[in-house]
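File shown: coords-v8.cif. Contents: mmCIF, C-alpha atoms.
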```cif
data_data
#
loop_
_atom_site.group_PDB
_atom_site.id
_atom_site.type_symbol
_atom_site.label_atom_id
_atom_site.label_comp_id
_atom_site.auth_asym_id
_atom_site.auth_seq_id
_atom_site.Cartn_x
_atom_site.Cartn_y
_atom_site.Cartn_z
ATOM 1 C CA ILE I 1 -70.179 -21.847 27.662
ATOM 2 C CA PHE I 2 -72.761 -23.917 25.830
ATOM 3 C CA LYS I 3 -71.874 -26.778 23.521
ATOM 4 C CA SER I 4 -73.573 -29.743 21.852
ATOM 5 C CA MET I 5 -76.559 -27.552 21.036
ATOM 6 C CA LYS I 6 -78.140 -26.485 17.753
ATOM 7 C CA PHE I 7 -78.403 -22.823 16.766
ATOM 8 C CA LEU I 8 -79.860 -20.926 13.848
ATOM 9 C CA VAL I 9 -77.756 -18.004 12.616
ATOM 10 C CA ALA I 10 -79.791 -15.715 10.361
ATOM 11 C CA GLY I 11 -77.581 -13.524 8.182
ATOM 12 C CA ALA I 12 -74.824 -16.150 8.282
ATOM 13 C CA GLY I 13 -73.459 -15.006 4.928
ATOM 14 C CA GLY I 14 -72.737 -11.566 6.335
ATOM 15 C CA PHE I 15 -69.616 -10.292 8.068
ATOM 16 C CA ILE I 16 -70.589 -10.736 11.734
ATOM 17 C CA GLY I 17 -72.738 -13.776 10.957
ATOM 18 C CA GLY I 18 -69.855 -15.651 9.333
ATOM 19 C CA HIS I 19 -67.600 -15.072 12.326
ATOM 20 C CA LEU I 20 -70.386 -16.114 14.725
ATOM 21 C CA VAL I 21 -71.036 -19.388 12.871
ATOM 22 C CA LYS I 22 -67.330 -20.243 13.103
ATOM 23 C CA ARG I 23 -67.212 -19.512 16.838
ATOM 24 C CA LEU I 24 -70.328 -21.581 17.576
ATOM 25 C CA ILE I 25 -68.899 -24.523 15.617
ATOM 26 C CA ASP I 26 -65.540 -24.165 17.389
ATOM 27 C CA LEU I 27 -67.400 -24.344 20.712
ATOM 28 C CA GLY I 28 -68.833 -27.720 19.697
ATOM 29 C CA ASN I 29 -72.306 -26.805 18.469
ATOM 30 C CA LYS I 30 -74.384 -27.607 15.404
ATOM 31 C CA VAL I 31 -75.343 -24.570 13.327
ATOM 32 C CA VAL I 32 -78.064 -23.916 10.781
ATOM 33 C CA ALA I 33 -76.648 -21.049 8.697
ATOM 34 C CA VAL I 34 -79.081 -19.041 6.559
ATOM 35 C CA ASP I 35 -78.714 -16.060 4.229
ATOM 36 C CA ASN I 36 -80.549 -14.830 1.145
ATOM 37 C CA LYS I 37 -77.255 -14.291 -0.719
ATOM 38 C CA LYS I 38 -75.996 -16.978 -3.066
ATOM 39 C CA LEU I 39 -73.610 -19.274 -1.207
ATOM 40 C CA GLU I 40 -70.631 -18.226 -3.326
ATOM 41 C CA ASN I 41 -71.189 -14.634 -2.157
ATOM 42 C CA TRP I 42 -71.112 -15.477 1.565
ATOM 43 C CA TYR I 43 -68.125 -13.940 3.347
ATOM 44 C CA GLN I 44 -67.385 -17.238 5.045
ATOM 45 C CA ILE I 45 -68.737 -20.682 4.193
ATOM 46 C CA HIS I 46 -68.325 -23.389 6.832
ATOM 47 C CA ASN I 47 -68.766 -26.957 5.642
ATOM 48 C CA GLU I 48 -69.554 -28.099 9.197
ATOM 49 C CA SER I 49 -72.795 -26.084 9.264
ATOM 50 C CA GLU I 50 -76.073 -26.709 7.423
ATOM 51 C CA ASN I 51 -76.076 -23.864 4.883
ATOM 52 C CA PHE I 52 -79.266 -22.555 3.286
ATOM 53 C CA GLU I 53 -79.913 -19.824 0.699
ATOM 54 C CA LEU I 54 -83.321 -18.597 1.870
ATOM 55 C CA ASP I 55 -85.204 -15.301 2.119
ATOM 56 C CA LEU I 56 -86.173 -14.994 5.786
ATOM 57 C CA SER I 57 -88.564 -12.136 5.106
ATOM 58 C CA LEU I 58 -90.927 -14.971 4.020
ATOM 59 C CA MET I 59 -92.762 -16.777 6.820
ATOM 60 C CA PRO I 60 -92.592 -20.369 5.419
ATOM 61 C CA ASN I 61 -88.785 -20.156 5.287
ATOM 62 C CA CYS I 62 -88.641 -18.990 8.913
ATOM 63 C CA MET I 63 -90.898 -21.863 9.994
ATOM 64 C CA LYS I 64 -88.611 -24.333 8.182
ATOM 65 C CA VAL I 65 -85.261 -23.269 9.656
ATOM 66 C CA THR I 66 -86.444 -22.683 13.249
ATOM 67 C CA GLN I 67 -87.496 -26.305 13.778
ATOM 68 C CA ASN I 68 -85.559 -28.236 16.427
ATOM 69 C CA VAL I 69 -83.083 -25.472 17.291
ATOM 70 C CA ASN I 70 -82.109 -24.458 20.835
ATOM 71 C CA GLY I 71 -81.652 -20.786 20.037
ATOM 72 C CA ILE I 72 -81.724 -18.175 17.284
ATOM 73 C CA PHE I 73 -79.210 -15.448 16.499
ATOM 74 C CA ASN I 74 -80.858 -12.910 14.182
ATOM 75 C CA LEU I 75 -78.182 -10.853 12.434
ATOM 76 C CA ALA I 76 -80.046 -10.684 9.125
ATOM 77 C CA CYS I 77 -80.830 -7.256 7.684
ATOM 78 C CA ASN I 78 -80.173 -5.058 4.693
ATOM 79 C CA MET I 79 -77.349 -2.771 5.725
ATOM 80 C CA GLY I 80 -73.965 -1.342 4.886
ATOM 81 C CA GLY I 81 -71.893 1.763 5.465
ATOM 82 C CA MET I 82 -73.319 5.278 5.649
ATOM 83 C CA GLY I 83 -73.533 5.625 1.857
ATOM 84 C CA PHE I 84 -75.770 2.556 1.632
ATOM 85 C CA ILE I 85 -77.933 3.384 4.677
ATOM 86 C CA GLU I 86 -78.674 6.952 3.614
ATOM 87 C CA ASN I 87 -79.612 5.952 0.054
ATOM 88 C CA ASN I 88 -81.625 2.771 0.740
ATOM 89 C CA LYS I 89 -84.037 3.655 3.552
ATOM 90 C CA ALA I 90 -86.940 1.556 2.239
ATOM 91 C CA LEU I 91 -84.727 -1.522 1.792
ATOM 92 C CA CYS I 92 -83.442 -1.108 5.353
ATOM 93 C CA MET I 93 -86.989 -0.804 6.739
ATOM 94 C CA ILE I 94 -88.148 -3.980 4.968
ATOM 95 C CA SER I 95 -85.775 -5.967 7.213
ATOM 96 C CA VAL I 96 -88.506 -5.648 9.857
ATOM 97 C CA LEU I 97 -90.184 -8.607 8.112
ATOM 98 C CA ILE I 98 -87.226 -10.869 8.925
ATOM 99 C CA ASN I 99 -87.294 -10.217 12.653
ATOM 100 C CA THR I 100 -91.104 -10.302 12.792
ATOM 101 C CA HIS I 101 -91.389 -13.656 11.039
ATOM 102 C CA LEU I 102 -88.451 -15.176 12.945
ATOM 103 C CA LEU I 103 -90.036 -14.212 16.278
ATOM 104 C CA ILE I 104 -93.394 -15.701 15.271
ATOM 105 C CA ALA I 105 -91.708 -18.879 13.995
ATOM 106 C CA ALA I 106 -89.664 -19.142 17.205
ATOM 107 C CA LYS I 107 -92.860 -18.906 19.245
ATOM 108 C CA GLU I 108 -94.664 -21.510 17.084
ATOM 109 C CA ASN I 109 -91.691 -23.914 17.146
ATOM 110 C CA LYS I 110 -91.131 -23.351 20.882
ATOM 111 C CA VAL I 111 -87.611 -21.939 20.587
ATOM 112 C CA LYS I 112 -86.820 -20.474 23.997
ATOM 113 C CA LYS I 113 -83.846 -18.172 23.280
ATOM 114 C CA PHE I 114 -83.607 -15.420 20.680
ATOM 115 C CA PHE I 115 -80.831 -12.879 20.005
ATOM 116 C CA PHE I 116 -81.485 -9.702 18.009
ATOM 117 C CA SER I 117 -78.624 -7.583 16.701
ATOM 118 C CA SER I 118 -79.705 -3.961 16.928
ATOM 119 C CA SER I 119 -77.471 -0.994 16.208
ATOM 120 C CA ALA I 120 -76.163 2.282 17.593
ATOM 121 C CA CYS I 121 -78.190 3.803 14.730
ATOM 122 C CA ALA I 122 -81.198 3.302 17.040
ATOM 123 C CA TYR I 123 -80.002 6.200 19.230
ATOM 124 C CA ASN I 124 -81.521 9.676 19.155
ATOM 125 C CA VAL I 125 -79.658 11.586 16.427
ATOM 126 C CA ASN I 126 -80.138 14.878 18.276
ATOM 127 C CA LEU I 127 -77.598 13.636 20.844
ATOM 128 C CA GLN I 128 -75.019 13.082 18.079
ATOM 129 C CA SER I 129 -75.054 16.417 16.267
ATOM 130 C CA THR I 130 -71.840 18.027 17.572
ATOM 131 C CA ASP I 131 -68.128 17.216 17.797
ATOM 132 C CA LYS I 132 -68.467 17.328 21.606
ATOM 133 C CA VAL I 133 -69.372 13.664 21.833
ATOM 134 C CA ILE I 134 -71.364 12.311 24.765
ATOM 135 C CA ALA I 135 -71.007 8.533 25.128
ATOM 136 C CA LEU I 136 -74.444 7.002 24.554
ATOM 137 C CA LYS I 137 -76.141 5.138 27.391
ATOM 138 C CA GLU I 138 -78.831 2.581 26.640
ATOM 139 C CA THR I 139 -81.538 4.943 27.939
ATOM 140 C CA ASP I 140 -80.524 7.549 25.320
ATOM 141 C CA ALA I 141 -82.597 5.777 22.661
ATOM 142 C CA TYR I 142 -85.625 7.631 24.049
ATOM 143 C CA PRO I 143 -87.244 10.017 23.300
ATOM 144 C CA ALA I 144 -87.024 8.221 19.961
ATOM 145 C CA MET I 145 -85.376 9.909 16.985
ATOM 146 C CA PRO I 146 -83.161 7.227 15.419
ATOM 147 C CA GLU I 147 -81.460 7.404 12.029
ATOM 148 C CA ASP I 148 -84.123 7.400 9.342
ATOM 149 C CA GLY I 149 -84.802 4.033 7.757
ATOM 150 C CA TYR I 150 -82.240 1.642 9.244
ATOM 151 C CA GLY I 151 -82.342 3.110 12.771
ATOM 152 C CA TRP I 152 -86.147 3.125 12.961
ATOM 153 C CA GLU I 153 -86.304 -0.520 11.864
ATOM 154 C CA LYS I 154 -83.841 -1.480 14.597
ATOM 155 C CA LEU I 155 -85.671 0.425 17.336
ATOM 156 C CA PHE I 156 -89.070 -0.953 16.293
ATOM 157 C CA SER I 157 -87.691 -4.520 16.213
ATOM 158 C CA GLU I 158 -86.154 -4.036 19.682
ATOM 159 C CA ARG I 159 -89.608 -3.193 21.009
ATOM 160 C CA MET I 160 -91.154 -6.193 19.309
ATOM 161 C CA CYS I 161 -88.519 -8.439 20.928
ATOM 162 C CA ASN I 162 -89.370 -6.969 24.313
ATOM 163 C CA HIS I 163 -93.099 -7.625 23.814
ATOM 164 C CA PHE I 164 -92.418 -11.261 22.870
ATOM 165 C CA TYR I 165 -90.656 -11.530 26.236
ATOM 166 C CA GLU I 166 -93.523 -9.822 28.085
ATOM 167 C CA ASP I 167 -96.367 -11.639 26.340
ATOM 168 C CA TYR I 168 -94.893 -15.077 25.616
ATOM 169 C CA GLY I 169 -91.966 -15.433 28.028
ATOM 170 C CA MET I 170 -89.404 -15.807 25.227
ATOM 171 C CA ASP I 171 -85.844 -15.190 26.482
ATOM 172 C CA VAL I 172 -84.952 -12.395 24.050
ATOM 173 C CA LYS I 173 -81.549 -10.680 24.061
ATOM 174 C CA VAL I 174 -80.988 -7.316 22.369
ATOM 175 C CA ALA I 175 -77.500 -6.016 21.541
ATOM 176 C CA ARG I 176 -76.752 -2.589 20.082
ATOM 177 C CA TYR I 177 -73.639 -2.978 17.922
ATOM 178 C CA HIS I 178 -71.317 0.011 17.454
ATOM 179 C CA ASN I 179 -69.331 0.016 14.169
ATOM 180 C CA VAL I 180 -67.987 -3.533 14.059
ATOM 181 C CA TYR I 181 -65.013 -4.115 11.726
ATOM 182 C CA GLY I 182 -62.350 -6.695 10.952
ATOM 183 C CA PRO I 183 -61.175 -9.299 8.404
ATOM 184 C CA ASN I 184 -63.574 -11.326 6.225
ATOM 185 C CA GLY I 185 -65.884 -8.374 5.643
ATOM 186 C CA THR I 186 -66.923 -5.934 2.922
ATOM 187 C CA TYR I 187 -64.148 -3.589 1.809
ATOM 188 C CA ASP I 188 -65.489 -2.297 -1.502
ATOM 189 C CA GLY I 189 -68.663 -2.053 -3.562
ATOM 190 C CA GLY I 190 -70.579 0.559 -1.556
ATOM 191 C CA ARG I 191 -71.625 -1.323 1.584
ATOM 192 C CA GLU I 192 -68.271 -1.157 3.370
ATOM 193 C CA LYS I 193 -67.813 0.824 6.586
ATOM 194 C CA ALA I 194 -65.185 3.452 7.297
ATOM 195 C CA PRO I 195 -62.283 1.280 8.595
ATOM 196 C CA ALA I 196 -62.425 -1.065 5.584
ATOM 197 C CA ALA I 197 -63.091 1.741 3.078
ATOM 198 C CA LEU I 198 -60.155 3.829 4.296
ATOM 199 C CA ALA I 199 -57.834 0.825 4.498
ATOM 200 C CA ARG I 200 -58.764 -0.083 0.895
ATOM 201 C CA LYS I 201 -58.155 3.471 -0.345
ATOM 202 C CA ILE I 202 -54.747 3.661 1.337
ATOM 203 C CA ILE I 203 -53.682 0.201 0.132
ATOM 204 C CA THR I 204 -54.832 0.901 -3.444
ATOM 205 C CA SER I 205 -53.137 4.308 -3.591
ATOM 206 C CA LYS I 206 -49.934 2.874 -2.162
ATOM 207 C CA LEU I 207 -49.875 -0.013 -4.659
ATOM 208 C CA LYS I 208 -50.458 2.434 -7.535
ATOM 209 C CA GLY I 209 -47.804 4.846 -6.264
ATOM 210 C CA LEU I 210 -50.353 7.628 -5.706
ATOM 211 C CA ASP I 211 -50.154 10.246 -2.941
ATOM 212 C CA GLU I 212 -53.845 11.098 -2.436
ATOM 213 C CA ILE I 213 -56.935 9.455 -0.936
ATOM 214 C CA GLU I 214 -60.569 10.592 -0.950
ATOM 215 C CA VAL I 215 -62.320 11.120 2.399
ATOM 216 C CA TRP I 216 -66.083 11.464 2.814
ATOM 217 C CA GLY I 217 -66.897 14.606 4.807
ATOM 218 C CA ASP I 218 -64.281 16.763 6.510
ATOM 219 C CA GLY I 219 -62.736 13.906 8.496
ATOM 220 C CA ASN I 220 -63.814 15.389 11.822
ATOM 221 C CA GLN I 221 -66.711 12.939 12.312
ATOM 222 C CA LYS I 222 -66.018 10.957 15.483
ATOM 223 C CA ARG I 223 -66.804 7.309 16.149
ATOM 224 C CA SER I 224 -65.774 4.304 18.187
ATOM 225 C CA PHE I 225 -65.046 1.044 16.372
ATOM 226 C CA LEU I 226 -65.229 -2.513 17.743
ATOM 227 C CA TYR I 227 -63.049 -5.372 16.495
ATOM 228 C CA ILE I 228 -65.004 -8.442 15.349
ATOM 229 C CA ASP I 229 -63.545 -10.926 17.889
ATOM 230 C CA ASP I 230 -64.623 -8.649 20.745
ATOM 231 C CA CYS I 231 -68.100 -8.390 19.199
ATOM 232 C CA ILE I 232 -68.494 -12.182 19.051
ATOM 233 C CA ASP I 233 -67.224 -12.595 22.643
ATOM 234 C CA ALA I 234 -69.735 -10.059 23.948
ATOM 235 C CA SER I 235 -72.629 -11.463 21.890
ATOM 236 C CA ILE I 236 -72.120 -14.992 23.208
ATOM 237 C CA ASN I 237 -71.698 -13.669 26.758
ATOM 238 C CA LEU I 238 -75.008 -11.828 26.456
ATOM 239 C CA PHE I 239 -76.769 -14.860 24.969
ATOM 240 C CA ASN I 240 -75.544 -17.028 27.862
ATOM 241 C CA SER I 241 -76.435 -14.524 30.572
ATOM 242 C CA SER I 242 -79.649 -13.847 32.481
ATOM 243 C CA PHE I 243 -79.514 -10.221 31.265
ATOM 244 C CA ARG I 244 -81.705 -9.312 28.283
ATOM 245 C CA GLY I 245 -80.588 -5.835 27.212
ATOM 246 C CA PRO I 246 -80.766 -3.702 25.229
ATOM 247 C CA VAL I 247 -77.052 -3.288 25.839
ATOM 248 C CA ASN I 248 -74.226 -1.570 23.975
ATOM 249 C CA ILE I 249 -71.643 -3.840 22.395
ATOM 250 C CA GLY I 250 -69.002 -1.349 21.386
ATOM 251 C CA SER I 251 -65.697 0.297 22.211
ATOM 252 C CA GLU I 252 -65.237 3.482 24.215
ATOM 253 C CA GLU I 253 -62.084 4.385 22.240
ATOM 254 C CA LEU I 254 -63.273 7.483 20.364
ATOM 255 C CA VAL I 255 -61.449 8.704 17.250
ATOM 256 C CA SER I 256 -62.116 11.105 14.399
ATOM 257 C CA ILE I 257 -61.939 9.784 10.844
ATOM 258 C CA ASN I 258 -58.731 11.824 10.410
ATOM 259 C CA GLU I 259 -57.211 10.142 13.477
ATOM 260 C CA MET I 260 -58.119 6.731 12.092
ATOM 261 C CA ILE I 261 -56.405 7.682 8.820
ATOM 262 C CA ASP I 262 -53.284 8.560 10.869
ATOM 263 C CA ILE I 263 -53.292 5.031 12.363
ATOM 264 C CA LEU I 264 -53.734 3.432 8.925
ATOM 265 C CA GLU I 265 -50.965 5.602 7.439
ATOM 266 C CA HIS I 266 -48.656 4.419 10.220
ATOM 267 C CA ILE I 267 -49.517 0.779 9.367
ATOM 268 C CA ALA I 268 -48.938 1.514 5.644
ATOM 269 C CA ASN I 269 -45.752 3.446 6.448
ATOM 270 C CA LYS I 270 -46.829 6.220 4.071
ATOM 271 C CA LYS I 271 -48.553 9.625 4.393
ATOM 272 C CA PHE I 272 -51.269 10.746 1.961
ATOM 273 C CA ASN I 273 -52.872 14.012 0.919
ATOM 274 C CA LYS I 274 -56.574 14.007 1.731
ATOM 275 C CA LYS I 275 -59.213 15.090 -0.755
ATOM 276 C CA TYR I 276 -62.311 15.850 1.327
ATOM 277 C CA LEU I 277 -65.629 15.172 -0.428
ATOM 278 C CA LEU I 278 -68.029 17.366 1.523
ATOM 279 C CA ASP I 279 -71.101 16.346 -0.497
ATOM 280 C CA LYS I 280 -70.829 12.633 0.415
ATOM 281 C CA PRO I 281 -72.909 10.961 3.189
ATOM 282 C CA LYS I 282 -71.121 11.285 6.512
ATOM 283 C CA GLY I 283 -73.717 10.327 9.142
ATOM 284 C CA VAL I 284 -73.921 11.882 12.593
ATOM 285 C CA LYS I 285 -71.087 14.145 13.767
ATOM 286 C CA GLY I 286 -70.170 12.091 16.808
ATOM 287 C CA ARG I 287 -71.060 8.716 18.353
ATOM 288 C CA ASN I 288 -69.476 6.745 21.165
ATOM 289 C CA SER I 289 -70.494 3.795 23.327
ATOM 290 C CA ASP I 290 -71.020 4.062 27.084
ATOM 291 C CA ASN I 291 -70.040 0.594 28.341
ATOM 292 C CA THR I 292 -71.066 1.073 31.980
ATOM 293 C CA LEU I 293 -74.011 -1.334 31.705
ATOM 294 C CA ILE I 294 -72.212 -4.181 29.927
ATOM 295 C CA LYS I 295 -69.282 -3.971 32.367
ATOM 296 C CA LYS I 296 -71.730 -4.210 35.263
ATOM 297 C CA GLU I 297 -73.958 -6.964 33.874
ATOM 298 C CA LEU I 298 -71.489 -9.108 31.890
ATOM 299 C CA SER I 299 -68.051 -8.014 33.213
ATOM 300 C CA TRP I 300 -67.062 -7.512 29.581
ATOM 301 C CA GLU I 301 -64.817 -4.987 27.897
ATOM 302 C CA PRO I 302 -62.957 -5.055 24.556
ATOM 303 C CA LYS I 303 -59.555 -6.726 24.390
ATOM 304 C CA TYR I 304 -58.419 -5.150 21.099
ATOM 305 C CA SER I 305 -57.287 -1.564 20.722
ATOM 306 C CA LEU I 306 -58.251 0.198 17.494
ATOM 307 C CA SER I 307 -54.618 0.130 16.375
ATOM 308 C CA ASP I 308 -54.337 -3.658 16.875
ATOM 309 C CA GLY I 309 -57.657 -4.351 15.152
ATOM 310 C CA LEU I 310 -56.867 -2.057 12.210
ATOM 311 C CA LYS I 311 -53.533 -3.843 11.665
ATOM 312 C CA LYS I 312 -55.294 -7.198 11.299
ATOM 313 C CA THR I 313 -57.952 -5.650 9.043
ATOM 314 C CA TYR I 314 -55.440 -3.737 6.885
ATOM 315 C CA TYR I 315 -53.246 -6.789 6.230
ATOM 316 C CA TRP I 316 -56.269 -8.953 5.370
ATOM 317 C CA ILE I 317 -57.629 -6.370 2.876
ATOM 318 C CA GLU I 318 -54.140 -5.918 1.391
ATOM 319 C CA GLU I 319 -53.917 -9.673 0.871
ATOM 320 C CA GLN I 320 -57.336 -9.725 -0.893
ATOM 321 C CA ILE I 321 -56.474 -6.798 -3.180
ATOM 322 C CA LYS I 322 -53.129 -8.331 -4.193
ATOM 323 C CA LYS I 323 -54.827 -11.702 -4.784
ATOM 324 C CA ASN I 324 -57.459 -10.069 -7.017
ATOM 325 C CA GLU I 325 -54.772 -8.284 -9.061
ATOM 326 C CA LYS I 326 -53.113 -11.544 -10.090
#
```

Could you express the structure from this file as structure tokens?
Amino acid sequence: IFKSMKFLVAGAGGFIGGHLVKRLIDLGNKVVAVDNKKLENWYQIHNESENFELDLSLMPNCMKVTQNVNGIFNLACNMGGMGFIENNKALCMISVLINTHLLIAAKENKVKKFFFSSSACAYNVNLQSTDKVIALKETDAYPAMPEDGYGWEKLFSERMCNHFYEDYGMDVKVARYHNVYGPNGTYDGGREKAPAALARKIITSKLKGLDEIEVWGDGNQKRSFLYIDDCIDASINLFNSSFRGPVNIGSEELVSINEMIDILEHIANKKFNKKYLLDKPKGVKGRNSDNTLIKKELSWEPKYSLSDGLKKTYYWIEEQIKKNEK
């Protein structure tokens, strides 16, 4: 595993980015951490890294922060849970400027290694329209019909990464993340994903002595969810490998939203009535990761079960909510 190197992490103020910066520092590296959010709004701030509030959709900023780095991790994009993605398609598409300008700056500043975080939203939605879920293989992104907005931006940026490899010899890695969750992430405000949103609803109802929670959709939507530590392990493994991707970084443990609520209720030690909001955004009916390729190429598989990861996430969110009530 590399150490004593210097890396740029774009989107360092985000959930995955904050965890990645910490891991890179812990491994003995220098990190340039960049996000367009104000520093006080970053999920994690690490004093050991060089921290910049910059908009990386602007070329001069990309040229500045890519100087004298050994590699780039691009996790920067406008995204959130299904409610945010479905209602902010233009904002999601504009993230294409970040990856475009970072790739150009990397080429100009002779940065050899580049990591792009794509998403399972890049997969053909027609393969995800029933409850009979087929685990998605990397080849299932084509013929192309990704989720509108966010998914199209990811798929387009994947192709651009590939062409920078073909045309300029840049060692570009592409990972397709599947529903990453865990502590130190968004749990309210509209951008949170299902595990954090449901944990928050259960914790809040329990603290208030209520017996009901709201659920978007009918609860039969099926997904797999990957714990953050597993995501960081796999990302660094991919970056260090000779394999380029695209490759799934996800879990094969498929659950419905109702089944995930069952796990969270067990952690909370309380059952709740469910009020299903059928008019809310719910995304595709079913999505799972096929991990055949990553097992073969990187000998990687997740260490955390959904139950173990949700426990850690639940207790962290509970701690934040209680802290904010004081």

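For the structure shown here, the set of residues caught by the PyMOL selection byres ((chain I and resi 145) around 12) is Ala120, Cys121, Ala122, Tyr123, Asn124, Val125, Asn126, Leu127, Gln128, Asp140, Ala141, Tyr142, Pro143, Ala144, Pro146, Glu147, Asp148, Gly149, Tyr150, Gly151, Trp152, Glu153, Lys154, Leu155 and Phe156 of chain I.
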
**OP:** Translate the PyMOL selection byres ((chain I and resi 279) around 8), as applied to the file shown, into an explicit residue set as JSON, numbers by chain.
**Re:** {"I": [216, 217, 277, 278, 280, 281]}

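Comparing I:Cys62, I:Leu298, I:Val174, I:Ala135 by their smallest distance to Glu253 of chain I, the closest is I:Ala135 (using all atoms listed in the file).
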
**OP:** Tell me, as a list in words, which residues lie within 7 Å of Val111 of chain I, counting all atoms listed in the file; anything in the same chain fewer than 2 positions away does not count.
**Re:** Val69, Asn70, Gly71, Ala106, Lys107, Asn109 and Lys113 of chain I

Saved selection, atoms kept: C-alpha atoms, as a compact mmCIF listing (two decimals), keeping the file's coordinate frame:
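Heads up, here's the output in again-v1.txt:
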```
# COMPACT_ATOMS: atom_id res chain seq x y z
CA VAL I 69 -83.08 -25.47 17.29
CA ASN I 70 -82.11 -24.46 20.84
CA GLY I 71 -81.65 -20.79 20.04
CA ALA I 106 -89.66 -19.14 17.20
CA LYS I 107 -92.86 -18.91 19.24
CA ASN I 109 -91.69 -23.91 17.15
CA LYS I 113 -83.85 -18.17 23.28
```

Original post:
Do you have the atom CA of Met63 of chain I-atom CA of Asp35 of chain I distance handy?
Top reply: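 Calculated distance between atom CA of Met63 of chain I and atom CA of Asp35 of chain I is 14.7 Å.
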
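Taking all atoms listed in the file into account, Glu265 of chain I lies nearest to I:Ser205 out of the set I:Ser205, I:Asn61, I:Ser251, I:Asn184.
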
Subject >> Of the listed residues I:Asn68, I:Leu102, I:Ala234, I:Ile134, that which approaches Leu20 of chain I most closely, counting all atoms listed in the file >> reply: I:Ala234

When the PyMOL selection byres ((chain I and resi 255) around 10) is applied to the file above, which residues end up in the set, as a short mmCIF file (atom, residue, chain, number, x, y, z; two decimals) with C-alpha atoms, in the frame of the given file?
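As a result, part.cif now contains:
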```
data_model
loop_
_atom_site.label_atom_id
_atom_site.label_comp_id
_atom_site.auth_asym_id
_atom_site.auth_seq_id
_atom_site.Cartn_x
_atom_site.Cartn_y
_atom_site.Cartn_z
CA ASN I 220 -63.81 15.39 11.82
CA GLN I 221 -66.71 12.94 12.31
CA LYS I 222 -66.02 10.96 15.48
CA ARG I 223 -66.80 7.31 16.15
CA SER I 224 -65.77 4.30 18.19
CA PHE I 225 -65.05 1.04 16.37
CA GLU I 252 -65.24 3.48 24.22
CA GLU I 253 -62.08 4.38 22.24
CA LEU I 254 -63.27 7.48 20.36
CA SER I 256 -62.12 11.10 14.40
CA ILE I 257 -61.94 9.78 10.84
CA ASN I 258 -58.73 11.82 10.41
CA GLU I 259 -57.21 10.14 13.48
CA MET I 260 -58.12 6.73 12.09
CA ILE I 261 -56.40 7.68 8.82
CA GLY I 286 -70.17 12.09 16.81
CA ARG I 287 -71.06 8.72 18.35
CA ASN I 288 -69.48 6.74 21.16
CA LEU I 306 -58.25 0.20 17.49
#
```

Original post:
What is the atom CA of Met5 of chain I-atom CA of Asn29 of chain I distance in Å, reported with one decimal?
Top reply: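 Interatomic distance here is 5.0 Å.
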
Original post:
What gap, in Å, lies between atom CA of Pro246 of chain I and atom CA of Ala175 of chain I?
Top reply: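 Atom-to-atom, atom CA of Pro246 of chain I to atom CA of Ala175 of chain I, that is 5.4 Å.
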
Original post:
Near Gly28 of chain I, counting all atoms listed in the file, which residues have an atom at most 8 Å away, once you skip same-chain residues fewer than 4 positions from it, shown as a PyMOL selection string?
Top reply: chain I and resi 3-5+24

Subject >> Closest of I:His46, I:Lys132, I:Arg159, I:Lys112 to Phe239 of chain I - atom-to-atom distances counting all atoms listed in the file >> reply: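 Of the candidates, the smallest distance to Phe239 of chain I is held by I:Lys112.
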
Original post:
Skipping near chain neighbours, those fewer than 6 positions away, what residues fall within 9 Å of Thr100 of chain I using only C-alpha atoms, listed as a PyMOL selection string?
Top reply: chain I and resi 57+59+157+160-161
